[in-house]
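*Asks:* As input, take final.pdb (PDB, C-alpha atoms, pLDDT in the B column):
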```
ATOM      1  CA  MET E 298     258.103 -97.581 105.754  1.00 47.00           C
ATOM      2  CA  ALA E 299     254.645 -95.976 105.853  1.00 51.00           C
ATOM      3  CA  HIS E 300     254.652 -95.847 102.096  1.00 55.00           C
ATOM      4  CA  SER E 301     255.385 -99.542 101.758  1.00 54.00           C
ATOM      5  CA  LEU E 302     252.605-100.365 104.229  1.00 53.00           C
ATOM      6  CA  THR E 303     250.092 -98.331 102.209  1.00 52.00           C
ATOM      7  CA  ARG E 304     251.194-100.172  99.112  1.00 57.00           C
ATOM      8  CA  LYS E 305     250.776-103.495 100.847  1.00 55.00           C
ATOM      9  CA  ILE E 306     247.253-102.579 101.948  1.00 53.00           C
ATOM     10  CA  ALA E 307     246.363-101.359  98.456  1.00 54.00           C
ATOM     11  CA  LEU E 308     247.710-104.556  96.933  1.00 51.00           C
ATOM     12  CA  GLY E 309     245.802-106.665  99.410  1.00 51.00           C
ATOM     13  CA  GLY E 310     242.635-104.789  98.575  1.00 50.00           C
ATOM     14  CA  ALA E 311     243.168-105.300  94.871  1.00 50.00           C
ATOM     15  CA  VAL E 312     243.684-109.042  95.369  1.00 46.00           C
ATOM     16  CA  ALA E 313     240.543-109.286  97.497  1.00 50.00           C
ATOM     17  CA  ALA E 314     238.527-107.334  94.923  1.00 49.00           C
ATOM     18  CA  LEU E 315     239.775-109.638  92.156  1.00 47.00           C
ATOM     19  CA  ALA E 316     238.862-112.712  94.172  1.00 49.00           C
ATOM     20  CA  LEU E 317     235.383-111.315  94.842  1.00 49.00           C
ATOM     21  CA  THR E 318     234.684-110.553  91.186  1.00 49.00           C
ATOM     22  CA  GLY E 319     235.914-114.042  90.351  1.00 50.00           C
ATOM     23  CA  VAL E 320     233.405-115.586  92.743  1.00 49.00           C
ATOM     24  CA  ALA E 321     230.625-113.286  91.560  1.00 48.00           C
ATOM     25  CA  SER E 322     231.180-114.061  87.887  1.00 47.00           C
ATOM     26  CA  THR E 323     230.971-117.824  88.458  1.00 50.00           C
ATOM     27  CA  ALA E 324     227.859-117.484  90.614  1.00 54.00           C
ATOM     28  CA  ILE E 325     225.888-115.460  88.073  1.00 60.00           C
ATOM     29  CA  ALA E 326     227.239-116.917  84.853  1.00 83.00           C
ATOM     30  CA  GLN E 327     225.358-115.398  81.947  1.00 92.00           C
ATOM     31  CA  ARG E 328     224.780-116.632  78.415  1.00 96.00           C
ATOM     32  CA  ASP E 329     227.526-115.895  75.944  1.00 95.00           C
ATOM     33  CA  PRO E 330     226.385-112.900  73.754  1.00 97.00           C
ATOM     34  CA  ALA E 331     226.535-115.007  70.567  1.00 96.00           C
ATOM     35  CA  TYR E 332     224.355-117.691  72.186  1.00 98.00           C
ATOM     36  CA  ALA E 333     221.907-115.116  73.557  1.00 97.00           C
ATOM     37  CA  ALA E 334     221.596-113.556  70.087  1.00 97.00           C
ATOM     38  CA  ALA E 335     221.089-116.939  68.384  1.00 97.00           C
ATOM     39  CA  ARG E 336     218.336-117.771  70.864  1.00 97.00           C
ATOM     40  CA  SER E 337     216.417-114.529  70.580  1.00 96.00           C
ATOM     41  CA  SER E 338     216.668-114.500  66.769  1.00 96.00           C
ATOM     42  CA  GLY E 339     215.309-118.064  66.621  1.00 97.00           C
ATOM     43  CA  LYS E 340     218.395-119.579  64.973  1.00 97.00           C
ATOM     44  CA  VAL E 341     218.630-122.096  67.776  1.00 98.00           C
ATOM     45  CA  GLY E 342     215.898-123.724  69.812  1.00 98.00           C
ATOM     46  CA  GLU E 343     215.283-126.063  72.721  1.00 98.00           C
ATOM     47  CA  LYS E 344     214.805-129.666  71.656  1.00 97.00           C
ATOM     48  CA  MET E 345     212.672-132.187  73.526  1.00 96.00           C
ATOM     49  CA  ASP E 346     215.689-134.320  74.385  1.00 96.00           C
ATOM     50  CA  GLY E 347     217.267-131.599  76.538  1.00 97.00           C
ATOM     51  CA  TYR E 348     219.747-130.357  73.981  1.00 98.00           C
ATOM     52  CA  LEU E 349     219.988-127.287  71.805  1.00 98.00           C
ATOM     53  CA  GLY E 350     219.156-127.565  68.103  1.00 98.00           C
ATOM     54  CA  ILE E 351     219.706-125.465  64.996  1.00 98.00           C
ATOM     55  CA  VAL E 352     216.400-124.300  63.537  1.00 97.00           C
ATOM     56  CA  GLY E 353     217.316-123.151  60.028  1.00 93.00           C
ATOM     57  CA  THR E 354     220.447-123.738  58.000  1.00 93.00           C
ATOM     58  CA  ALA E 355     223.559-124.528  59.979  1.00 93.00           C
ATOM     59  CA  SER E 356     226.611-122.354  59.500  1.00 95.00           C
ATOM     60  CA  PRO E 357     229.908-123.773  60.768  1.00 96.00           C
ATOM     61  CA  GLU E 358     229.972-121.015  63.363  1.00 95.00           C
ATOM     62  CA  LEU E 359     226.486-121.792  64.637  1.00 97.00           C
ATOM     63  CA  GLN E 360     227.203-125.524  64.622  1.00 97.00           C
ATOM     64  CA  ARG E 361     230.264-124.951  66.778  1.00 97.00           C
ATOM     65  CA  LEU E 362     228.277-122.832  69.226  1.00 97.00           C
ATOM     66  CA  VAL E 363     225.534-125.457  69.538  1.00 98.00           C
ATOM     67  CA  ASP E 364     227.996-128.351  69.830  1.00 98.00           C
ATOM     68  CA  ASP E 365     229.916-126.517  72.523  1.00 98.00           C
ATOM     69  CA  ILE E 366     226.803-125.914  74.625  1.00 98.00           C
ATOM     70  CA  ASN E 367     225.483-129.445  74.112  1.00 98.00           C
ATOM     71  CA  ILE E 368     228.788-130.993  75.200  1.00 98.00           C
ATOM     72  CA  LYS E 369     228.653-128.890  78.366  1.00 98.00           C
ATOM     73  CA  ARG E 370     224.996-129.791  78.942  1.00 98.00           C
ATOM     74  CA  ARG E 371     225.739-133.474  78.525  1.00 98.00           C
ATOM     75  CA  ALA E 372     228.513-133.282  81.118  1.00 98.00           C
ATOM     76  CA  VAL E 373     226.158-131.595  83.592  1.00 98.00           C
ATOM     77  CA  TYR E 374     223.364-134.099  82.863  1.00 98.00           C
ATOM     78  CA  ALA E 375     225.720-137.049  83.309  1.00 98.00           C
ATOM     79  CA  GLN E 376     226.938-135.807  86.681  1.00 98.00           C
ATOM     80  CA  ARG E 377     223.494-134.977  88.046  1.00 98.00           C
ATOM     81  CA  ALA E 378     221.929-138.134  86.630  1.00 97.00           C
ATOM     82  CA  GLN E 379     224.460-140.251  88.479  1.00 97.00           C
ATOM     83  CA  GLN E 380     223.684-138.455  91.751  1.00 97.00           C
ATOM     84  CA  ALA E 381     219.954-138.907  91.139  1.00 97.00           C
ATOM     85  CA  ARG E 382     220.367-142.565  90.104  1.00 96.00           C
ATOM     86  CA  ALA E 383     218.880-141.973  86.693  1.00 96.00           C
ATOM     87  CA  THR E 384     220.154-142.440  83.164  1.00 96.00           C
ATOM     88  CA  VAL E 385     221.586-139.492  81.244  1.00 97.00           C
ATOM     89  CA  GLU E 386     218.693-139.756  78.761  1.00 96.00           C
ATOM     90  CA  GLU E 387     216.080-139.677  81.517  1.00 96.00           C
ATOM     91  CA  TYR E 388     217.710-136.668  83.096  1.00 98.00           C
ATOM     92  CA  ALA E 389     218.175-134.896  79.773  1.00 97.00           C
ATOM     93  CA  LEU E 390     214.545-135.452  78.766  1.00 97.00           C
ATOM     94  CA  THR E 391     213.401-134.013  82.102  1.00 97.00           C
ATOM     95  CA  ALA E 392     215.669-131.010  81.640  1.00 98.00           C
ATOM     96  CA  GLY E 393     214.210-130.651  78.135  1.00 98.00           C
ATOM     97  CA  CYS E 394     210.716-130.396  79.637  1.00 97.00           C
ATOM     98  CA  GLN E 395     211.941-127.646  81.964  1.00 97.00           C
ATOM     99  CA  ALA E 396     214.013-125.816  79.369  1.00 98.00           C
ATOM    100  CA  ILE E 397     211.055-125.676  76.958  1.00 98.00           C
ATOM    101  CA  ALA E 398     208.799-124.447  79.761  1.00 97.00           C
ATOM    102  CA  LYS E 399     211.327-121.685  80.471  1.00 97.00           C
ATOM    103  CA  THR E 400     211.519-120.369  76.899  1.00 97.00           C
ATOM    104  CA  VAL E 401     210.335-116.790  76.484  1.00 97.00           C
ATOM    105  CA  PRO E 402     208.043-115.494  73.699  1.00 97.00           C
ATOM    106  CA  GLY E 403     209.915-115.372  70.394  1.00 97.00           C
ATOM    107  CA  GLU E 404     212.279-118.235  71.190  1.00 98.00           C
ATOM    108  CA  LYS E 405     212.071-121.570  69.368  1.00 98.00           C
ATOM    109  CA  TYR E 406     211.296-124.967  70.835  1.00 98.00           C
ATOM    110  CA  GLN E 407     210.579-128.417  69.493  1.00 97.00           C
ATOM    111  CA  ALA E 408     207.009-129.709  69.755  1.00 97.00           C
ATOM    112  CA  PRO E 409     206.239-133.423  70.353  1.00 95.00           C
ATOM    113  CA  ASP E 410     205.667-133.900  66.593  1.00 94.00           C
ATOM    114  CA  GLY E 411     209.253-132.789  65.969  1.00 94.00           C
ATOM    115  CA  THR E 412     208.409-129.435  64.415  1.00 96.00           C
ATOM    116  CA  TRP E 413     209.951-126.164  65.507  1.00 98.00           C
ATOM    117  CA  GLN E 414     207.522-123.809  67.192  1.00 98.00           C
ATOM    118  CA  THR E 415     207.864-120.195  68.217  1.00 98.00           C
ATOM    119  CA  ARG E 416     207.041-119.633  71.845  1.00 98.00           C
ATOM    120  CA  THR E 417     204.142-117.304  72.412  1.00 97.00           C
ATOM    121  CA  SER E 418     202.700-116.035  75.679  1.00 96.00           C
ATOM    122  CA  ALA E 419     200.666-119.272  75.787  1.00 97.00           C
ATOM    123  CA  ALA E 420     202.094-122.441  77.344  1.00 97.00           C
ATOM    124  CA  PRO E 421     204.359-124.417  74.989  1.00 97.00           C
ATOM    125  CA  ILE E 422     203.246-127.723  73.452  1.00 97.00           C
ATOM    126  CA  ARG E 423     205.222-130.306  75.393  1.00 96.00           C
ATOM    127  CA  ASP E 424     205.561-134.055  75.756  1.00 94.00           C
ATOM    128  CA  PRO E 425     202.536-135.382  77.695  1.00 94.00           C
ATOM    129  CA  ARG E 426     204.934-136.841  80.267  1.00 94.00           C
ATOM    130  CA  CYS E 427     206.328-133.416  81.175  1.00 96.00           C
ATOM    131  CA  PRO E 428     205.423-132.198  84.666  1.00 93.00           C
TER     132      PRO E 428
ATOM    133  CA  MET I   7     219.310-189.557  61.842  1.00 50.00           C
ATOM    134  CA  HIS I   8     222.116-187.041  62.025  1.00 57.00           C
ATOM    135  CA  ARG I   9     221.590-185.930  58.417  1.00 59.00           C
ATOM    136  CA  ARG I  10     217.895-185.448  59.039  1.00 60.00           C
ATOM    137  CA  PHE I  11     218.624-183.013  61.854  1.00 56.00           C
ATOM    138  CA  ILE I  12     220.923-180.979  59.650  1.00 56.00           C
ATOM    139  CA  TRP I  13     218.233-180.888  56.949  1.00 59.00           C
ATOM    140  CA  MET I  14     215.577-179.731  59.424  1.00 57.00           C
ATOM    141  CA  GLY I  15     217.895-177.038  60.692  1.00 55.00           C
ATOM    142  CA  ALA I  16     218.504-175.768  57.195  1.00 54.00           C
ATOM    143  CA  VAL I  17     214.785-175.640  56.425  1.00 51.00           C
ATOM    144  CA  SER I  18     213.947-173.730  59.610  1.00 53.00           C
ATOM    145  CA  ALA I  19     216.766-171.261  58.969  1.00 56.00           C
ATOM    146  CA  LEU I  20     215.472-170.596  55.477  1.00 53.00           C
ATOM    147  CA  ALA I  21     211.839-170.314  56.493  1.00 52.00           C
ATOM    148  CA  PRO I  22     211.821-166.540  57.097  1.00 52.00           C
ATOM    149  CA  VAL I  23     213.573-165.942  53.789  1.00 55.00           C
ATOM    150  CA  LEU I  24     211.111-168.112  51.886  1.00 54.00           C
ATOM    151  CA  SER I  25     208.012-166.700  53.521  1.00 60.00           C
ATOM    152  CA  GLY I  26     207.614-164.055  50.874  1.00 73.00           C
ATOM    153  CA  CYS I  27     208.430-160.415  50.388  1.00 79.00           C
ATOM    154  CA  ILE I  28     207.829-157.712  52.972  1.00 78.00           C
ATOM    155  CA  ASN I  29     205.540-154.859  52.065  1.00 80.00           C
ATOM    156  CA  VAL I  30     206.305-151.429  53.444  1.00 77.00           C
ATOM    157  CA  ALA I  31     203.452-148.981  53.094  1.00 79.00           C
ATOM    158  CA  ALA I  32     203.519-145.375  54.265  1.00 73.00           C
ATOM    159  CA  PRO I  33     201.037-144.752  57.077  1.00 67.00           C
ATOM    160  CA  ASP I  34     198.150-142.387  56.428  1.00 74.00           C
ATOM    161  CA  GLU I  35     198.438-140.504  59.693  1.00 70.00           C
ATOM    162  CA  PRO I  36     201.396-138.176  60.324  1.00 65.00           C
ATOM    163  CA  ILE I  37     204.437-139.756  61.900  1.00 62.00           C
ATOM    164  CA  VAL I  38     204.803-138.661  65.501  1.00 60.00           C
ATOM    165  CA  ILE I  39     208.256-138.891  66.999  1.00 60.00           C
ATOM    166  CA  GLU I  40     207.945-140.887  70.166  1.00 60.00           C
ATOM    167  CA  LEU I  41     211.093-139.772  71.927  1.00 63.00           C
ATOM    168  CA  ASN I  42     212.459-142.196  74.463  1.00 75.00           C
ATOM    169  CA  VAL I  43     209.185-144.070  74.822  1.00 75.00           C
ATOM    170  CA  ASN I  44     210.752-146.202  77.508  1.00 82.00           C
ATOM    171  CA  ILE I  45     211.157-143.278  79.856  1.00 83.00           C
ATOM    172  CA  ARG I  46     208.247-143.320  82.261  1.00 89.00           C
ATOM    173  CA  GLN I  47     206.426-140.254  83.524  1.00 92.00           C
ATOM    174  CA  GLU I  48     207.109-141.118  87.160  1.00 94.00           C
ATOM    175  CA  VAL I  49     210.863-140.959  86.475  1.00 95.00           C
ATOM    176  CA  ILE I  50     210.450-137.516  84.915  1.00 96.00           C
ATOM    177  CA  TYR I  51     208.401-136.348  87.887  1.00 97.00           C
ATOM    178  CA  ARG I  52     211.031-137.607  90.308  1.00 97.00           C
ATOM    179  CA  LEU I  53     213.796-135.716  88.466  1.00 97.00           C
ATOM    180  CA  ALA I  54     211.811-132.536  87.743  1.00 97.00           C
ATOM    181  CA  ASP I  55     212.940-130.422  90.702  1.00 97.00           C
ATOM    182  CA  ASP I  56     216.554-131.508  90.374  1.00 97.00           C
ATOM    183  CA  ALA I  57     216.574-130.688  86.656  1.00 98.00           C
ATOM    184  CA  ALA I  58     215.015-127.285  87.311  1.00 97.00           C
ATOM    185  CA  SER I  59     217.779-126.356  89.748  1.00 97.00           C
ATOM    186  CA  THR I  60     220.421-127.673  87.338  1.00 97.00           C
ATOM    187  CA  ILE I  61     219.127-125.210  84.744  1.00 97.00           C
ATOM    188  CA  GLU I  62     219.200-122.363  87.291  1.00 96.00           C
ATOM    189  CA  GLU I  63     222.733-123.197  88.388  1.00 96.00           C
ATOM    190  CA  ASN I  64     224.048-123.443  84.836  1.00 97.00           C
ATOM    191  CA  ALA I  65     222.322-120.399  83.349  1.00 96.00           C
ATOM    192  CA  ASP I  66     225.199-119.825  80.905  1.00 97.00           C
ATOM    193  CA  ILE I  67     224.465-123.028  78.941  1.00 97.00           C
ATOM    194  CA  PHE I  68     220.665-122.994  79.159  1.00 97.00           C
TER     195      PHE I  68
END
```
Translate the structure of the given file into structure tokens.

*Replies:*
Amino acid sequence: MAHSLTRKIALGGAVAALALTGVASTAIAQRDPAYAAARSSGKVGEKMDGYLGIVGTASPELQRLVDDINIKRRAVYAQRAQQARATVEEYALTAGCQAIAKTVPGEKYQAPDGTWQTRTSAAPIRDPRCP
Amino acid sequence: MHRRFIWMGAVSALAPVLSGCINVAAPDEPIVIELNVNIRQEVIYRLADDAASTIEENADIF
């Protein structure tokens, strides 16, 4: 009787712990290691239009990674754009401004002339309309 | 009368074709990609804060 109660409590605790980690992992979702590596090595960069781009030659693996992220980004943009009564392109371009501003030194971003630039400690070259 | 109208229509339709060849010359200055030129700055400013929080909330894909 006592034994079964202890087991029940232990089980309950385990379930609660699992639920907590589940919540925590969604709240602080981190970049996938492959994506993080591609970013820091400059294989991918932030484009002006709010999507991720491949900087050098595209391997099928890298293409899949970029496509996967861009599909997810587009879904997020579409949802938020609708709430903000804007078009997906308007929202994506704004997010592009912000994403380029948030790049860290060493990462790649697209300048207004379309060229890929490496972010330095200086401010990135952005579209003149960016806030 | 009716035939004359048809004739005039045919002439006006052909006019752009007959007006000579089109010359395409490369510009001297570098080509600058004007991305979404129709998107106005005020729209971007209005969406800026919202877009910033979207990036924060979806850190895994940004």

*Asks:* Using the chain letters and numbers from the file, give me the residues hit by the ChimeraX specification (/I :<7) & /E, as an mmCIF file with C-alpha atoms, keeping the file's coordinate frame.

*Replies:*
```cif
data_model
loop_
_atom_site.group_PDB
_atom_site.id
_atom_site.type_symbol
_atom_site.label_atom_id
_atom_site.label_comp_id
_atom_site.auth_asym_id
_atom_site.auth_seq_id
_atom_site.Cartn_x
_atom_site.Cartn_y
_atom_site.Cartn_z
ATOM 1 C CA ALA E 326 227.239 -116.917 84.853
ATOM 2 C CA GLN E 327 225.358 -115.398 81.947
ATOM 3 C CA ARG E 328 224.780 -116.632 78.415
ATOM 4 C CA ASP E 329 227.526 -115.895 75.944
ATOM 5 C CA ILE E 366 226.803 -125.914 74.625
ATOM 6 C CA ARG E 370 224.996 -129.791 78.942
ATOM 7 C CA GLU E 387 216.080 -139.677 81.517
ATOM 8 C CA TYR E 388 217.710 -136.668 83.096
ATOM 9 C CA THR E 391 213.401 -134.013 82.102
ATOM 10 C CA ALA E 392 215.669 -131.010 81.640
ATOM 11 C CA GLN E 395 211.941 -127.646 81.964
ATOM 12 C CA PRO E 409 206.239 -133.423 70.353
ATOM 13 C CA ASP E 410 205.667 -133.900 66.593
ATOM 14 C CA GLY E 411 209.253 -132.789 65.969
ATOM 15 C CA ARG E 426 204.934 -136.841 80.267
ATOM 16 C CA CYS E 427 206.328 -133.416 81.175
ATOM 17 C CA PRO E 428 205.423 -132.198 84.666
#
```

*Asks:* Kindly indicate which residue among E:Ala372, E:Ala381, E:Val401, E:Ala389 lies nearest to Arg336 of chain E, using only C-alpha atoms for the distances.

*Replies:*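 Nearest to Arg336 of chain E: E:Val401.
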
*Asks:* Enter the distance from atom CA of Arg361 of chain E to atom CA of Gln380 of chain E, in Å, rounded to one decimal.

*Replies:* 29.1 Å

*Asks:* If the PyMOL selection byres ((chain E and resi 346-356) around 8) were run on this exact file, what residues would it hold? Put them as a VMD selection string.

*Replies:* (chain E and resid 339 to 345 357 to 360 363 366 to 367 370 386 389 to 394 396 405 413) or (chain I and resid 41)

*Asks:* To one decimal place, how far is atom CA of Tyr374 of chain E from atom CA of Ala398 of chain E in Å?

*Replies:*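 Separation of atom CA of Tyr374 of chain E and atom CA of Ala398 of chain E: 17.7 Å.
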
*Asks:* What gap, in Å, lies between atom CA of Asp424 of chain E and atom CA of Ile368 of chain E?

*Replies:* 23.4 Å

*Asks:* With distances taken over all atoms listed in the file, which of E:Gly403, E:Pro425, E:Lys369, E:Thr412 is nearest to Ser337 of chain E?

*Replies:* E:Gly403

*Asks:* With all atoms listed in the file as the counted atoms, please give the residues lying no more than 10 Å from Pro421 of chain E, apart from itself and same-chain residues fewer than 4 positions off, as an NGL selection string.

*Replies:* :E and (394 or 397-402 or 405-408 or 414-417)

*Asks:* Could the centre and edge lengths of an axis-aligned box, enclosing all atoms of segment 385-397 of chain E in the file with 5 Å extra on each side, be given in Å to one decimal as JSON?

*Replies:*
```
{"center_x": 216.2, "center_y": -132.7, "center_z": 80.0, "size_x": 20.9, "size_y": 24.1, "size_z": 16.1}
```
